[in-house]
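Containing CSV, C-alpha atoms: structure.csv.
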```
chain,number,residue,atom,x,y,z
A,1,MET,CA,49.7,209.0,198.0
A,2,ALA,CA,49.5,206.5,195.1
A,3,ILE,CA,52.8,204.6,194.4
A,4,LYS,CA,53.8,204.7,190.8
A,5,ALA,CA,55.6,202.0,188.9
A,6,ALA,CA,58.1,203.1,186.2
A,7,ILE,CA,58.1,201.1,183.0
A,8,ASN,CA,61.9,201.2,182.7
A,9,ALA,CA,62.5,200.2,186.3
A,10,VAL,CA,63.4,196.7,187.5
A,11,TYR,CA,61.4,195.1,190.4
A,12,VAL,CA,62.0,192.0,192.5
A,13,LEU,CA,59.8,190.1,194.9
A,14,SER,CA,60.2,191.2,198.5
A,15,GLU,CA,62.0,189.0,201.0
A,16,ASP,CA,59.1,189.6,203.3
A,17,ILE,CA,56.6,187.4,201.6
A,18,VAL,CA,56.0,183.7,201.2
A,19,SER,CA,54.4,182.5,198.0
A,20,ARG,CA,53.4,179.0,197.0
A,21,GLU,CA,51.5,177.6,194.1
A,22,ILE,CA,48.7,175.6,195.5
A,23,GLU,CA,46.3,173.7,193.2
A,24,GLY,CA,47.2,176.0,190.3
A,25,GLU,CA,46.7,179.1,192.3
A,26,LEU,CA,49.5,181.4,193.4
A,27,ILE,CA,49.0,182.2,197.1
A,28,ILE,CA,51.0,185.0,198.7
A,29,VAL,CA,51.4,185.6,202.4
A,30,PRO,CA,53.1,188.8,203.3
A,31,LEU,CA,55.2,188.7,206.5
A,32,VAL,CA,54.2,191.8,208.4
A,33,SER,CA,56.0,192.4,211.7
A,34,GLY,CA,57.3,188.9,211.7
A,35,ILE,CA,53.9,187.3,211.2
A,36,GLY,CA,52.4,185.6,208.1
A,37,ASP,CA,48.6,186.0,208.5
A,38,MET,CA,46.7,183.4,206.6
A,39,GLU,CA,43.5,184.5,208.2
A,40,ASP,CA,43.4,188.2,207.4
A,41,GLU,CA,46.3,188.9,205.0
A,42,LEU,CA,46.2,186.2,202.3
A,43,PHE,CA,46.4,187.2,198.6
A,44,THR,CA,46.0,185.3,195.4
A,45,LEU,CA,46.9,186.1,191.8
A,46,ASN,CA,44.8,185.0,188.8
A,47,LYS,CA,46.6,183.5,185.7
A,48,THR,CA,47.4,186.9,184.2
A,49,GLY,CA,48.8,188.1,187.5
A,50,LYS,CA,50.8,185.0,187.9
A,51,ALA,CA,52.3,185.4,184.4
A,52,ILE,CA,53.6,188.8,185.4
A,53,TRP,CA,54.6,187.8,188.9
A,54,ASN,CA,56.8,185.0,187.6
A,55,ARG,CA,58.8,187.5,185.5
A,56,LEU,CA,59.5,189.9,188.4
A,57,ASP,CA,63.0,188.4,188.8
A,58,GLY,CA,65.1,191.5,189.6
A,59,GLN,CA,66.7,191.4,186.1
A,60,LYS,CA,64.0,192.4,183.6
A,61,SER,CA,62.5,195.9,183.5
A,62,LEU,CA,58.7,196.2,183.3
A,63,ARG,CA,59.2,197.2,179.6
A,64,ASP,CA,61.1,193.8,179.0
A,65,ILE,CA,58.2,192.0,180.7
A,66,VAL,CA,55.6,193.7,178.6
A,67,GLU,CA,57.6,192.9,175.4
A,68,GLU,CA,58.0,189.3,176.5
A,69,LEU,CA,54.3,188.9,177.2
A,70,SER,CA,53.5,190.6,173.9
A,71,THR,CA,55.3,187.9,172.0
A,72,ASP,CA,53.3,185.2,173.6
A,73,TYR,CA,49.9,186.9,173.7
A,74,GLU,CA,47.9,189.3,171.5
A,75,ASP,CA,47.8,192.8,172.9
A,76,PRO,CA,44.9,194.8,171.6
A,77,GLY,CA,44.8,198.3,173.0
A,78,GLY,CA,48.0,197.9,175.0
A,79,GLU,CA,46.3,195.9,177.7
A,80,ILE,CA,49.4,194.1,178.7
A,81,GLU,CA,51.3,197.3,179.7
A,82,LYS,CA,48.3,198.5,181.7
A,83,ASP,CA,48.1,195.1,183.5
A,84,VAL,CA,51.8,195.0,184.3
A,85,ILE,CA,51.9,198.6,185.6
A,86,GLY,CA,48.7,198.2,187.5
A,87,LEU,CA,49.7,194.9,189.2
A,88,VAL,CA,53.2,196.2,190.2
A,89,GLU,CA,51.7,199.3,191.7
A,90,GLU,CA,49.3,197.2,193.7
A,91,LEU,CA,52.3,195.0,194.9
A,92,LEU,CA,54.4,198.1,195.7
A,93,LYS,CA,51.6,199.5,197.8
A,94,ARG,CA,51.6,196.3,199.8
A,95,ARG,CA,55.4,196.0,199.9
A,96,MET,CA,55.4,192.7,198.1
A,97,VAL,CA,57.9,193.9,195.5
A,98,VAL,CA,60.8,196.3,195.8
A,99,LYS,CA,62.5,198.4,193.2
A,100,VAL,CA,66.0,197.3,192.3
A,101,PRO,CA,68.4,200.2,192.4
A,102,LYS,CA,70.1,201.1,189.2
A,103,GLY,CA,73.6,199.8,189.2
B,104,MET,CA,25.9,188.4,169.4
B,105,ALA,CA,25.2,185.1,167.7
B,106,HIS,CA,27.1,182.0,168.9
B,107,SER,CA,27.5,179.0,166.6
B,108,VAL,CA,26.8,175.9,168.5
B,109,LYS,CA,28.0,172.6,166.8
B,110,GLY,CA,25.8,169.6,167.4
B,111,LEU,CA,22.9,171.4,169.0
B,112,THR,CA,20.0,171.7,166.6
B,113,ALA,CA,17.2,172.1,169.1
B,114,TRP,CA,17.4,174.3,172.0
B,115,ASP,CA,16.1,173.3,175.4
B,116,MET,CA,14.6,176.6,176.3
B,117,ALA,CA,14.7,176.0,180.0
B,118,LEU,CA,18.5,175.4,179.9
B,119,ARG,CA,19.3,177.8,177.0
B,120,THR,CA,21.4,180.3,178.9
B,121,ASN,CA,23.6,177.6,180.6
B,122,ARG,CA,24.2,175.8,177.2
B,123,ILE,CA,25.4,179.0,175.6
B,124,VAL,CA,27.9,179.6,178.3
B,125,ILE,CA,29.2,176.0,178.1
B,126,CYS,CA,29.6,176.0,174.3
B,127,TYR,CA,31.2,179.5,174.4
B,128,LEU,CA,33.9,178.2,176.8
B,129,LEU,CA,34.5,175.1,174.6
B,130,SER,CA,34.9,177.3,171.5
B,131,VAL,CA,37.5,179.5,173.2
B,132,ASP,CA,39.5,176.4,173.9
B,133,MET,CA,40.0,175.9,170.1
B,134,LYS,CA,42.2,179.0,169.7
B,135,PRO,CA,45.9,178.2,169.4
B,136,ALA,CA,47.9,179.2,172.5
B,137,ALA,CA,50.1,181.7,170.5
B,138,ILE,CA,47.3,184.0,169.6
B,139,GLN,CA,45.5,184.1,172.9
B,140,THR,CA,45.3,187.4,174.6
B,141,LEU,CA,46.8,187.4,178.1
B,142,ARG,CA,43.3,187.6,179.7
B,143,ASP,CA,41.8,184.6,177.7
B,144,PHE,CA,40.6,181.8,179.9
B,145,GLU,CA,40.6,184.2,182.8
B,146,THR,CA,37.8,183.2,185.2
B,147,LYS,CA,38.7,185.9,187.8
B,148,PRO,CA,38.6,189.5,186.7
B,149,ASP,CA,41.1,190.8,189.3
B,150,LEU,CA,44.8,190.2,188.7
B,151,PHE,CA,45.3,190.5,192.5
B,152,SER,CA,42.8,189.8,195.2
B,153,LYS,CA,42.6,189.3,198.9
B,154,LYS,CA,41.5,185.8,199.9
B,155,ASN,CA,41.9,185.5,203.6
B,156,GLY,CA,40.1,182.7,205.5
B,157,GLU,CA,38.3,181.5,202.4
B,158,LEU,CA,41.3,179.4,201.5
B,159,LYS,CA,41.2,175.8,202.8
B,160,LEU,CA,44.7,174.3,202.6
B,161,SER,CA,45.2,170.6,202.5
B,162,GLY,CA,47.5,169.2,205.3
B,163,SER,CA,50.6,169.0,203.1
B,164,ASP,CA,50.1,172.5,201.7
B,165,LEU,CA,49.7,173.9,205.2
B,166,VAL,CA,52.9,172.2,206.3
B,167,GLU,CA,54.7,173.6,203.3
B,168,MET,CA,53.4,177.1,204.0
B,169,LEU,CA,54.2,176.8,207.7
B,170,ARG,CA,57.8,175.6,207.0
B,171,ALA,CA,58.4,178.4,204.5
B,172,VAL,CA,57.3,181.0,207.0
B,173,LEU,CA,59.1,179.5,210.0
B,174,ASP,CA,62.3,179.2,207.9
B,175,LYS,CA,62.2,183.0,207.5
B,176,GLY,CA,62.1,183.3,211.3
B,177,ALA,CA,58.5,184.5,211.1
B,178,SER,CA,55.3,183.1,212.7
B,179,LEU,CA,52.2,181.9,210.9
B,180,ARG,CA,48.6,182.7,212.0
B,181,PHE,CA,46.0,180.3,210.8
B,182,ARG,CA,42.7,178.6,211.7
B,183,ALA,CA,43.1,175.3,213.7
B,184,LYS,CA,40.8,172.4,213.0
B,185,GLY,CA,39.9,169.6,215.4
B,186,PHE,CA,38.9,168.9,219.0
B,187,SER,CA,41.9,167.1,220.5
B,188,MET,CA,43.1,170.2,222.4
B,189,SER,CA,39.7,171.4,223.6
B,190,PRO,CA,39.0,173.5,225.6
B,191,PHE,CA,42.4,175.2,225.4
B,192,ILE,CA,42.4,175.2,221.6
B,193,LYS,CA,39.0,174.7,220.1
B,194,ASP,CA,37.9,173.8,216.5
B,195,ASN,CA,38.2,177.0,214.4
B,196,ASP,CA,40.3,178.9,216.9
B,197,ILE,CA,43.0,181.0,215.2
B,198,ILE,CA,46.4,180.0,216.4
B,199,THR,CA,49.9,181.5,215.8
B,200,VAL,CA,52.8,179.1,215.5
B,201,SER,CA,56.2,180.6,216.1
B,202,PRO,CA,59.7,179.2,215.3
B,203,LEU,CA,61.8,177.6,218.0
B,204,THR,CA,64.6,180.1,217.7
B,205,ASP,CA,65.8,181.4,221.1
B,206,VAL,CA,63.9,179.2,223.6
B,207,SER,CA,63.8,175.4,223.2
B,208,ILE,CA,60.5,173.7,223.6
B,209,ARG,CA,59.6,172.5,227.1
B,210,SER,CA,57.0,170.5,228.9
B,211,GLY,CA,53.6,172.3,228.8
B,212,ASP,CA,54.3,174.0,225.5
B,213,VAL,CA,51.9,173.4,222.7
B,214,ALA,CA,53.9,172.1,219.8
B,215,ALA,CA,53.2,172.0,216.1
B,216,PHE,CA,54.8,168.9,214.7
B,217,ILE,CA,54.7,166.5,211.8
B,218,HIS,CA,53.3,163.2,212.9
B,219,PRO,CA,55.8,160.5,212.0
B,220,GLU,CA,53.2,158.0,210.8
B,221,MET,CA,50.4,160.2,209.5
B,222,LYS,CA,52.9,162.7,208.0
B,223,LYS,CA,50.5,165.5,208.8
B,224,LEU,CA,50.6,168.6,210.9
B,225,VAL,CA,49.4,168.1,214.5
B,226,ILE,CA,49.1,170.6,217.3
B,227,HIS,CA,49.4,168.9,220.7
B,228,ARG,CA,50.9,169.5,224.1
B,229,VAL,CA,54.4,168.5,225.2
B,230,VAL,CA,54.1,166.4,228.4
B,231,GLY,CA,57.6,165.2,228.8
B,232,LYS,CA,61.1,164.6,227.3
B,233,LYS,CA,63.2,161.6,226.8
B,234,GLY,CA,66.6,162.0,225.1
B,235,GLU,CA,66.1,163.6,221.7
B,236,CYS,CA,62.3,162.8,221.7
B,237,PHE,CA,59.3,164.5,223.3
B,238,HIS,CA,56.2,162.9,224.7
B,239,ILE,CA,53.3,164.7,223.2
B,240,LYS,CA,49.6,164.4,223.8
B,241,GLY,CA,46.3,166.1,223.0
B,242,ASP,CA,44.7,167.6,226.1
B,243,ASN,CA,41.3,166.2,225.2
B,244,ILE,CA,42.3,162.6,224.1
B,245,PRO,CA,42.5,159.7,226.5
B,246,ASP,CA,45.1,157.8,224.3
B,247,THR,CA,48.6,157.3,225.5
B,248,ASP,CA,51.2,160.0,224.6
B,249,GLU,CA,53.2,159.8,221.5
B,250,VAL,CA,57.0,159.9,221.2
B,251,ILE,CA,58.0,162.5,218.7
B,252,PRO,CA,61.6,163.1,217.6
B,253,VAL,CA,62.7,166.7,218.1
B,254,THR,CA,63.4,166.9,214.4
B,255,ASN,CA,59.6,166.6,213.7
B,256,ILE,CA,58.8,169.6,215.8
B,257,MET,CA,58.2,172.7,213.7
B,258,GLY,CA,57.2,175.3,216.1
B,259,ARG,CA,55.3,176.4,219.2
B,260,VAL,CA,51.8,177.8,219.6
B,261,THR,CA,52.3,181.3,221.0
B,262,ARG,CA,48.8,182.7,220.7
B,263,VAL,CA,45.2,181.5,220.5
B,264,GLU,CA,42.3,183.7,219.4
B,265,ARG,CA,38.6,182.8,219.7
B,266,ASN,CA,35.8,185.0,218.5
B,267,GLY,CA,38.2,188.0,218.3
B,268,LYS,CA,39.6,187.6,221.8
B,269,VAL,CA,43.0,186.3,222.8
B,270,ILE,CA,42.8,183.2,225.0
B,271,SER,CA,45.9,183.0,227.1
B,272,PHE,CA,44.7,180.3,229.5
B,273,GLY,CA,46.6,177.1,228.5
B,274,LEU,CA,49.7,178.8,227.3
B,275,GLY,CA,50.8,180.6,230.6
B,276,PRO,CA,52.4,179.1,233.7
B,277,GLU,CA,49.3,176.8,234.2
B,278,ARG,CA,50.6,174.9,231.2
B,279,PHE,CA,52.9,172.9,233.4
B,280,LEU,CA,50.0,171.6,235.5
B,281,ILE,CA,48.0,170.9,232.4
B,282,ALA,CA,50.9,168.9,231.0
B,283,PHE,CA,51.3,167.0,234.2
B,284,LEU,CA,47.5,166.1,234.4
B,285,THR,CA,47.5,165.2,230.7
B,286,ARG,CA,50.5,163.0,231.2
B,287,ILE,CA,49.0,161.0,234.0
B,288,GLY,CA,45.7,160.8,232.1
B,289,LEU,CA,43.7,162.8,234.5
B,290,LEU,CA,43.0,165.9,232.5
B,291,SER,CA,40.4,164.5,230.2
B,292,HIS,CA,38.4,163.3,233.3
B,293,LEU,CA,38.8,166.6,235.1
B,294,LEU,CA,38.2,168.8,232.2
B,295,THR,CA,34.5,169.3,232.5
B,296,PRO,CA,34.3,170.1,236.3
B,297,MET,CA,37.6,172.0,236.1
B,298,TRP,CA,36.5,174.1,233.2
B,299,LYS,CA,33.3,175.1,235.0
B,300,LEU,CA,35.4,176.2,237.9
B,301,VAL,CA,38.0,178.2,236.0
B,302,ARG,CA,35.8,179.6,233.2
B,303,PRO,CA,34.8,182.8,235.0
B,304,PHE,CA,38.5,183.6,235.6
B,305,VAL,CA,39.4,182.8,231.9
B,306,LYS,CA,36.6,185.2,230.8
B,307,ARG,CA,38.0,187.9,233.1
B,308,MET,CA,41.6,187.4,231.8
B,309,ALA,CA,40.5,187.8,228.2
B,310,PRO,CA,41.0,191.4,227.0
```
The structure in this file should be written as structure tokens.
Amino acid sequence: MAIKAAINAVYVLSEDIVSREIEGELIIVPLVSGIGDMEDELFTLNKTGKAIWNRLDGQKSLRDIVEELSTDYEDPGGEIEKDVIGLVEELLKRRMVVKVPKG
Amino acid sequence: MAHSVKGLTAWDMALRTNRIVICYLLSVDMKPAAIQTLRDFETKPDLFSKKNGELKLSGSDLVEMLRAVLDKGASLRFRAKGFSMSPFIKDNDIITVSPLTDVSIRSGDVAAFIHPEMKKLVIHRVVGKKGECFHIKGDNIPDTDEVIPVTNIMGRVTRVERNGKVISFGLGPERFLIAFLTRIGLLSHLLTPMWKLVRPFVKRMAP
């Protein structure tokens, strides 16, 4: 079943990942069953993905992130929202981000 | 679509395609940052992609990644480079380094440590202990052992994989004998004949 991301929800990076910026590239190693696997489970984000990733701080909703990115970049055809939702759904599927409960 | 190309009045037909690409990239660079779209300058179409073994980390980057993973109490699985631990760990074997949480490191263990002078990650065998330092040596190098402060030791190798198989020989109880032979400098002389002798058993032990 596909995991859906909600535009008004807040997400934060999971505790079970290690990420480092190496030579301008964001490298993510998920810790699955206590192992970070650089051989078979290593992920990278491109610049667009990194701009979104850096804003997943557990404070801003996805709508806030879209608005923030829209002030810095042109947004023909609502591409930013599609990218933000698409990336967060991909990260949710791999348990790299978690939804922050409303409080 | 026509591209305007400043400074190029004659086209070299043989290189035409490449030059269009180069000039197009240069012209994009002239747009002010505030009106770029998010995807401008993007060289990779996927926001998120799996990279796996394609990534070659420098020594310091690998140390940083290893430290970050071990600090979370997790292990790191990565490809080892070099021949100093052959035949127990060979070049391109995949090793798993685990944190030193519950069990302290002992003679015979294969340690991952930061070399005090070279400042890089080294994977060698512990062959003895003196105070707060360990004597550590590569199984396949005739040099004298090195004295490494306990604070430089990051973790212990807990698994070795080669060609999709787990290689447990060298990490089990035999590691004490290997450490002893390494310490007295006999292992590198005995390796070739000994390896021929034990190889059939090692093959049988592999799942």
Contacts of Glu81 (chain A) within 9 Å, all atoms listed in the file, excl. fewer than 6 positions in-chain, as a list in words: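 Surrounding residues, per the criterion: Ile7, Leu62, Arg63, Ile65, Val66, Glu67 and Asp75 of chain A.
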Test item: chain A residues at most 7 Å from chain B, counting all atoms listed in the file, as a list in words: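 So the residues of chain A near chain B are Val18, Gly34, Ile35, Gly36, Asp37, Met38, Glu39, Asp40, Glu41, Leu42, Phe43, Thr44, Leu45, Asn46, Lys47, Thr48, Gly49, Asp72, Tyr73, Glu74, Asp75 and Leu87 of chain A.
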Who sits within 7 Å of Ala5 (chain A), all atoms listed in the file, same chain under 2 positions skipped, as a ChimeraX atom specification: /A:3,7,85,88-89
Keeping only C-alpha atoms, write the selected residues as a PDB file, in the coordinates of the input.
```pdb
ATOM      1  CA  ILE A   3      52.800 204.600 194.400  1.00  0.00           C
ATOM      2  CA  ILE A   7      58.100 201.100 183.000  1.00  0.00           C
ATOM      3  CA  ILE A  85      51.900 198.600 185.600  1.00  0.00           C
ATOM      4  CA  VAL A  88      53.200 196.200 190.200  1.00  0.00           C
ATOM      5  CA  GLU A  89      51.700 199.300 191.700  1.00  0.00           C
TER       6      GLU A  89
END
```
Which residue of A:Val12, A:Ile22, A:Gln59, A:Ile52 approaches Ile80 (chain A) most closely, using all atoms listed in the file: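 Comparing A:Val12, A:Ile22, A:Gln59, A:Ile52 against Ile80 (chain A), the winner is A:Ile52.
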Point-to-point distance from CA of Leu280 (chain B) to CA of Pro202 (chain B), Å rounded to tenths: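 Computing it gives 23.7 Å between the two atoms.
The spacing separating CA of Gly234 (chain B) from CA of Gly275 (chain B) amounts to 25.0 Å.
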Test item: residues at most 8 Å from Asp16 (chain A), all atoms listed in the file, excluding those fewer than 2 positions along its chain, as number ranges by chain: A: 14, 18, 30-32, 96
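Picture a line from CA of Val269 (chain B) to CA of Asp194 (chain B); it runs 14.9 Å.
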Residue contacts of Val100 (chain A) (8 Å, all atoms listed in the file) excluding same-chain residues fewer than 2 positions away, as a PyMOL selection string: chain A and resi 9-12+58+98+102
